[in-house]
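Q: Just passing along the structure, written as structure tokens.
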Amino acid sequence: MDTVQNQNTKPEKFTIAKAKEIAKTQIDKSYVIYMIFMHAGAVAALFMFSWSSLAVGVVLYFLSGMGITVGYHRLLTHKSFKTPLWVERVWATLGTLAMQGSPIIWIAQHRQHHLESDTEHDPHNINKGFMWAHIWWIFKRYPSWYEEGVKSTFAPDLKKDPYYRWLDKYPYIPSAIVGAALLGFGGLGMFLWGFCLRLICVYHFTWFVNSAAHKWGYRYFKNELATNNWWVALVSFGEGWHNNHHAYPTSARHGLRFWEFDISWMTIWFMSKLGLANKVKTPSKDSLPWKKNKLKKSQDVA
């Protein structure tokens with residue numbers, strides 16, 4: 001419920017800059033409590049270990065994490081490849097299991113991040129500090145008219161789809177079903193591993209892309225603050241090759257060198273071989289800086 005912003009104060013024509021000037025924000029206390037509870041549950045899971053709980057947690061970590069990287073990010077946000085509608089919706093639904101909001105708001109915020117990367121209008125601007133980019137930004141809540149404006153501005157394509165509108169209204173129903181199933185069929189230990197600890201890992205590994213992969217690592221593309229960070233890429237299914245991604249945001253492949261392991265790309269490539277993905281976008285080889293350097297050296301020698 002909005003208690004700090006009157007609807008009459010929203011701008012007549014929505015723009016991010018103008019809206020931010022007048023939109024009053026507050027700390028989402030309920031989300032703070034949720035995160036405290038989830039972190040406590042993750043710690044408690046360590047005292048209720050079982051191999052079956054670990055296996056379920058790993059499987060759900062893979063499915064929900066890939067739902068974000070392949071589904072929310074590369075497919076829906078950047079449209080780096082296309083799939084049949086049923087495949088797209090499967091990936092989107094798996095993405096909701098990461099409990100990072102609906103596809104519409106996630107995609108809208110990420111597109112805003114790319115448009116205004118590392119500026120005041122970037123939702124997780126690294127220039128505000130590591131912890132802001134990593135976690136503090138998620139507790140900041142804008143009034144509903146602002147969030148709706150962001151959705152309409154940056155994700156109008158998804159708002160046209162009735163299924164995504166439904167997920168936007170009820171984004172946590174798939175996770176509630178999974179959580180109830182874990183608790184009902186596996187008991188408290190499986191719930192703590194498959195829900196609490198698994199989600200905390202997915203959360204932090206996703207947030208490291210916003211924080212660590214804008215702070216530490218190497219850059220092929222010097223005009224981008226984003227970095228290529230191997231350990232972030234390892235735990236986030238290839239998303240840590242973030243400098244590459246900012247240089248080629250619509251590329252389905254983020255790990256552009258042979259040593260840049262990118263399991264999300266491997267999954268998309270495999271889908272294409274099965275006929276489940278087409279129009280897969282990757283950078284042209286002659287646009288890559290290391291290819292250009294080789295070409296220049298060969299020309300110099302000649």
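Labels for the structure tokens follow display order: chains A, B, ..., residues from 1 in each chain, ligands from 1.
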Fewer than 2 positions away in the same chain doesn't count, so skip those; otherwise give me all residues within 9 Å of stretch 55-64 of chain A, counting only C-alpha atoms, as a PyMOL selection string.

A: chain A and resi 50-53+66-69+91+93-99+182+190-195+197-199+201-202+237

Q: For the residues selected in the previous step, produce a file with C-alpha atoms as an mmCIF file, in the first residue's frame.

A:
```cif
data_model
loop_
_atom_site.group_PDB
_atom_site.id
_atom_site.type_symbol
_atom_site.label_atom_id
_atom_site.label_comp_id
_atom_site.auth_asym_id
_atom_site.auth_seq_id
_atom_site.Cartn_x
_atom_site.Cartn_y
_atom_site.Cartn_z
ATOM 1 C CA SER A 50 20.482 -34.847 4.186
ATOM 2 C CA TRP A 51 21.657 -35.963 0.778
ATOM 3 C CA SER A 52 18.121 -35.884 -0.601
ATOM 4 C CA SER A 53 17.626 -32.296 0.609
ATOM 5 C CA MET A 66 18.679 -20.745 -15.365
ATOM 6 C CA GLY A 67 15.120 -19.432 -15.431
ATOM 7 C CA ILE A 68 16.638 -16.035 -14.651
ATOM 8 C CA THR A 69 19.671 -16.214 -16.952
ATOM 9 C CA TRP A 91 11.489 -20.496 -19.008
ATOM 10 C CA THR A 93 7.798 -19.668 -15.076
ATOM 11 C CA LEU A 94 11.102 -21.201 -13.977
ATOM 12 C CA GLY A 95 12.387 -17.654 -13.569
ATOM 13 C CA THR A 96 9.620 -16.875 -11.069
ATOM 14 C CA LEU A 97 11.004 -19.659 -8.856
ATOM 15 C CA ALA A 98 13.985 -17.377 -8.155
ATOM 16 C CA MET A 99 11.581 -15.048 -6.300
ATOM 17 C CA LEU A 182 8.837 -29.339 -0.306
ATOM 18 C CA MET A 190 13.975 -30.272 2.578
ATOM 19 C CA PHE A 191 12.065 -26.991 2.735
ATOM 20 C CA LEU A 192 15.041 -25.227 4.311
ATOM 21 C CA TRP A 193 17.437 -26.604 1.693
ATOM 22 C CA GLY A 194 15.185 -26.450 -1.354
ATOM 23 C CA PHE A 195 13.583 -23.116 -0.549
ATOM 24 C CA LEU A 197 19.153 -21.889 1.339
ATOM 25 C CA ARG A 198 18.629 -22.368 -2.387
ATOM 26 C CA LEU A 199 16.989 -18.950 -2.779
ATOM 27 C CA CYS A 201 22.307 -18.645 -3.013
ATOM 28 C CA VAL A 202 20.371 -17.598 -6.122
ATOM 29 C CA PHE A 237 25.630 -19.711 -15.127
#
```

Q: Would you mind writing down, as an MDAnalysis selection string, each residue of stretch 67-214 of chain A that DSSP on the backbone assigns to alpha helix (DSSP H)?

A: chainID A and resid 85:96 103:115 130:134 144:154 156:159 162:169 173:181 187:191 198:210

Q: Find the spatial neighbours of A:Asn243, counting only C-alpha atoms, within a cut-off of 10 Å - ignore same-chain residues fewer than 6 positions away - and output them as a short mmCIF file (atom, residue, chain, number, x, y, z; two decimals) with C-alpha atoms, in the first residue's frame.

A:
```cif
data_model
loop_
_atom_site.label_atom_id
_atom_site.label_comp_id
_atom_site.auth_asym_id
_atom_site.auth_seq_id
_atom_site.Cartn_x
_atom_site.Cartn_y
_atom_site.Cartn_z
CA ALA A 213 31.00 -7.89 -11.80
CA HIS A 214 31.06 -4.11 -11.85
CA GLY A 217 37.76 -8.50 -13.10
CA TYR A 218 39.09 -7.63 -16.53
CA ARG A 219 37.66 -5.50 -19.32
CA TYR A 220 38.01 -5.97 -23.04
CA PHE A 221 35.73 -2.98 -23.55
CA LYS A 222 37.17 -0.09 -21.56
CA ASN A 223 34.19 2.22 -21.96
CA GLU A 224 32.09 -0.13 -19.79
CA LEU A 225 32.44 -0.26 -15.99
CA ALA A 226 31.13 -3.82 -16.01
CA THR A 227 33.86 -6.46 -15.71
CA ASN A 228 34.43 -10.07 -16.69
CA ASN A 229 34.62 -12.00 -13.42
CA PRO A 249 23.73 -6.87 -24.81
CA HIS A 254 28.31 -13.93 -22.91
CA GLY A 255 31.49 -15.99 -22.62
#
```

Q: List every residue of stretch 51-295 of chain A that DSSP, applied to the backbone of this structure, assigns to strand (DSSP E or B), and report them as a list of chain:residue names.

A: A:Lys82, A:Lys140, A:Arg141, A:Tyr218, A:Asn228, A:Trp241, A:Asn278

Q: Report, in Å to a single decimal, how far apart atom CA of A:Tyr248 and atom CA of A:Asp286 are.

A: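 Atom-to-atom, atom CA of A:Asp286 to atom CA of A:Tyr248, that is 13.4 Å.
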
Q: Tell me, in Å to one decimal, how far atom CA of A:Phe154 is from atom CA of A:Tyr170.

A: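 Atom-to-atom, atom CA of A:Phe154 to atom CA of A:Tyr170, that is 20.0 Å.
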
Q: Rank nothing, just name the residue among A:Ile263, A:Ala155, A:Leu75, A:Ala133 nearest to A:Ile104, using only C-alpha atoms.

A: A:Ala155

Q: Would you list the contacts of A:Thr15 as a PyMOL selection string, taking every protein, DNA or RNA residue within 10 Å and counting only C-alpha atoms, but skipping same-chain residues closer than 5 positions in sequence?

A: chain A and resi 20+146+149-150+153

Q: Keeping only N, CA and C atoms, take the residues you just selected and write them out as a PDB file, in the first residue's frame.

A:
```
ATOM      1  N   LYS A  20      11.487  10.491 -11.061  1.00  0.00           N
ATOM      2  CA  LYS A  20      12.346  10.319  -9.898  1.00  0.00           C
ATOM      3  C   LYS A  20      12.438  11.584  -9.054  1.00  0.00           C
ATOM      4  N   TYR A 146       4.913   4.947 -10.101  1.00  0.00           N
ATOM      5  CA  TYR A 146       6.269   4.973 -10.653  1.00  0.00           C
ATOM      6  C   TYR A 146       6.620   3.594 -11.224  1.00  0.00           C
ATOM      7  N   GLY A 149       4.876   3.005 -14.375  1.00  0.00           N
ATOM      8  CA  GLY A 149       5.491   3.785 -15.439  1.00  0.00           C
ATOM      9  C   GLY A 149       6.750   3.132 -15.974  1.00  0.00           C
ATOM     10  N   VAL A 150       7.551   2.551 -15.076  1.00  0.00           N
ATOM     11  CA  VAL A 150       8.763   1.836 -15.484  1.00  0.00           C
ATOM     12  C   VAL A 150       8.393   0.621 -16.341  1.00  0.00           C
ATOM     13  N   THR A 153       7.206   1.825 -19.747  1.00  0.00           N
ATOM     14  CA  THR A 153       8.284   2.433 -20.524  1.00  0.00           C
ATOM     15  C   THR A 153       9.256   1.397 -21.056  1.00  0.00           C
TER      16      THR A 153
END
```

Q: Just give me the gap between atom CA of A:Ser102 and atom CA of A:Asp157 in Å, one decimal is fine.

A: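 Atom-to-atom, atom CA of A:Ser102 and atom CA of A:Asp157 are spaced 14.1 Å apart.
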
Q: At a cut-off of 10 Å, using only C-alpha atoms, what residues contact A:Lys159? Leave out same-chain residues fewer than 4 positions from it and give the result as a list in words.

A: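 Once the adjacent positions are removed, what remains is Pro103, Ile104, Ile105, Lys151, Ser152, Phe154, Ala155, Tyr163, Tyr164, Arg165, Trp166 and Asp168 of chain A.
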
Q: So, with only C-alpha atoms as the atoms that count, which of A:His73, A:His39, A:His110, A:Lys215 lies closest to A:Tyr203?

A: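 Closest residue, counting only C-alpha atoms: A:His39.
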
Q: For A:Gly275, which of A:Thr83, A:Gly41, A:Tyr31, A:Gln26 is the closest residue, counting only C-alpha atoms?

A: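 When distances to A:Gly275 are compared using only C-alpha atoms, the smallest one comes from A:Thr83.
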
Q: Go through A:Val209, A:Ala252, A:Ala247, A:Val43 and flag the residue nearest A:Trp231, using only C-alpha atoms for the distances.

A: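 Closest to A:Trp231, using only C-alpha atoms: A:Val209.
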
Q: List as a list in words the protein and nucleic acid residues near A:Met266, meaning an atom at most 9 Å away when only C-alpha atoms are counted, but skip any in the same chain fewer than 5 places from it.

A: Arg253, Phe261 and Met271 of chain A

Q: Find the residues around A:Asp122 up to 12 Å (only C-alpha atoms counted), leave out those fewer than 2 positions away in its own chain, and share them as a list of chain:residue names.

A: A:Ile16, A:Ala17, A:Lys20, A:Ala108, A:Gln109, A:His110, A:Arg111, A:Gln112, A:His113, A:His114, A:Leu115, A:Glu116, A:Ser117, A:Asp118, A:Thr119, A:Glu120, A:His124, A:Asn125, A:Ile126, A:Asn127, A:Lys128, A:Trp132, A:Ala133, A:Trp137, A:Asn210
